[in-house]
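Colleague: If it helps, the file is called coords08.pdb and holds PDB, C-alpha atoms:
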```pdb
ATOM      1  CA  MET A   1     -22.391  54.447  14.953
ATOM      2  CA  SER A   2     -19.998  52.623  17.249
ATOM      3  CA  GLU A   3     -20.524  52.558  20.947
ATOM      4  CA  PRO A   4     -17.997  54.370  23.123
ATOM      5  CA  TYR A   5     -15.451  52.322  25.012
ATOM      6  CA  THR A   6     -16.401  51.096  28.422
ATOM      7  CA  ASP A   7     -14.331  52.192  31.388
ATOM      8  CA  ALA A   8     -12.806  48.696  31.528
ATOM      9  CA  GLU A   9     -11.869  48.778  27.827
ATOM     10  CA  ARG A  10     -10.425  52.251  28.195
ATOM     11  CA  ALA A  11      -8.407  51.148  31.243
ATOM     12  CA  ALA A  12      -7.167  48.072  29.359
ATOM     13  CA  HIS A  13      -6.022  50.259  26.449
ATOM     14  CA  ILE A  14      -4.259  52.653  28.830
ATOM     15  CA  ASP A  15      -2.544  49.712  30.557
ATOM     16  CA  GLU A  16      -1.406  48.376  27.185
ATOM     17  CA  ILE A  17      -0.050  51.796  26.221
ATOM     18  CA  HIS A  18       1.872  51.928  29.511
ATOM     19  CA  ARG A  19       3.303  48.428  28.949
ATOM     20  CA  VAL A  20       4.361  49.234  25.405
ATOM     21  CA  THR A  21       5.865  52.549  26.522
ATOM     22  CA  ALA A  22       7.821  50.787  29.268
ATOM     23  CA  ASP A  23       9.034  48.163  26.773
ATOM     24  CA  LEU A  24      10.173  50.905  24.398
ATOM     25  CA  GLU A  25      12.005  52.717  27.191
ATOM     26  CA  ILE A  26      13.774  49.477  28.121
ATOM     27  CA  ALA A  27      14.664  48.841  24.477
ATOM     28  CA  GLN A  28      16.051  52.374  24.176
ATOM     29  CA  ALA A  29      18.143  51.922  27.325
ATOM     30  CA  VAL A  30      19.479  48.610  26.021
ATOM     31  CA  ALA A  31      20.307  50.228  22.675
ATOM     32  CA  GLU A  32      22.213  52.998  24.445
ATOM     33  CA  ILE A  33      24.137  50.445  26.509
ATOM     34  CA  ASN A  34      24.925  48.484  23.348
ATOM     35  CA  ASP A  35      26.098  51.647  21.581
ATOM     36  CA  HIS A  36      28.413  52.411  24.498
ATOM     37  CA  ALA A  37      29.698  48.817  24.559
ATOM     38  CA  LEU A  38      30.338  48.887  20.812
ATOM     39  CA  ALA A  39      32.225  52.159  21.142
ATOM     40  CA  GLN A  40      34.355  50.666  23.921
ATOM     41  CA  PHE A  41      34.902  47.534  21.826
ATOM     42  CA  GLY A  42      35.967  49.724  18.912
ATOM     43  CA  LYS A  43      38.478  51.534  21.113
ATOM     44  CA  GLN A  44      39.816  48.240  22.462
ATOM     45  CA  THR A  45      40.081  46.843  18.933
ATOM     46  CA  LYS A  46      41.974  49.937  17.811
ATOM     47  CA  ASN A  47      44.355  49.601  20.771
ATOM     48  CA  LEU A  48      44.844  45.892  20.123
ATOM     49  CA  ARG A  49      45.602  46.576  16.461
ATOM     50  CA  ARG A  50      48.157  49.176  17.514
ATOM     51  CA  GLU A  51      49.734  46.746  19.992
ATOM     52  CA  LEU A  52      49.809  44.026  17.326
ATOM     53  CA  ALA A  53      51.514  46.384  14.883
ATOM     54  CA  ASP A  54      54.059  47.312  17.565
ATOM     55  CA  ALA A  55      54.668  43.623  18.318
ATOM     56  CA  ARG A  56      55.126  42.855  14.609
ATOM     57  CA  LEU A  57      57.597  45.709  14.286
ATOM     58  CA  ALA A  58      59.491  44.496  17.365
ATOM     59  CA  LEU A  59      59.565  40.966  15.940
ATOM     60  CA  PHE A  60      60.821  42.266  12.592
ATOM     61  CA  GLU A  61      63.548  44.252  14.358
ATOM     62  CA  LEU A  62      64.522  41.195  16.421
ATOM     63  CA  GLN A  63      64.679  39.033  13.298
ATOM     64  CA  ARG A  64      66.758  41.647  11.487
ATOM     65  CA  THR A  65      69.131  42.018  14.434
ATOM     66  CA  THR A  66      69.459  38.255  14.788
ATOM     67  CA  THR A  67      70.096  37.861  11.058
ATOM     68  CA  ASN A  68      72.703  40.631  11.112
ATOM     69  CA  LYS A  69      74.470  39.015  14.082
ATOM     70  CA  ALA A  70      74.400  35.633  12.362
ATOM     71  CA  ASP A  71      75.783  37.176   9.149
ATOM     72  CA  HIS A  72      78.591  38.851  11.082
ATOM     73  CA  ALA A  73      79.371  35.643  12.933
ATOM     74  CA  GLU A  74      79.911  33.854   9.610
ATOM     75  CA  CYS A  75      82.497  36.421   8.493
TER      76      CYS A  75
END
```
Represent the structure of the file as structure tokens.

Modeller:
Amino acid sequence: MSEPYTDAERAAHIDEIHRVTADLEIAQAVAEINDHALAQFGKQTKNLRRELADARLALFELQRTTTNKADHAEC
């Protein structure tokens, strides 16, 4: 039969459990921060894609207008 833990061993195990618990709580907090940051990044990416599409459309319209003016100038 195994001997029971000494008070020092028991205290060491409790300290280790507290350290691991604290590490897990920190990791969870970091994961939550990362999730929030990724969500914000996703929103920013969506907005940037929208702005890029708007800029492309504006460029297309400018090119079309310029081409139409050039075609009319040749007439």

Colleague: For CA of Glu61 in chain A and CA of Arg49 in chain A, determine how far apart the two atoms are, in Å to one decimal place.

Modeller: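 Atom-to-atom, CA of Glu61 in chain A to CA of Arg49 in chain A, that is 18.2 Å.
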
Colleague: Box for range 44-57 of chain A - axis-aligned, 3 Å on each of the six sides, all listed atoms - centre and size in Å to one decimal, as lines of an AutoDock Vina configuration file.

Modeller:
```
center_x = 48.7
center_y = 46.4
center_z = 18.4
size_x = 23.8
size_y = 13.1
size_z = 14.2
```

Colleague: Calculate how many Å separate CA of His72 in chain A from CA of Ala58 in chain A, rounding to one decimal.

Modeller: 20.9 Å

Colleague: Please measure the separation of CA of Ile17 in chain A and CA of Tyr5 in chain A, giving the value in Å to one decimal.

Modeller: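 One can read the CA of Ile17 in chain A to CA of Tyr5 in chain A distance as 15.5 Å.
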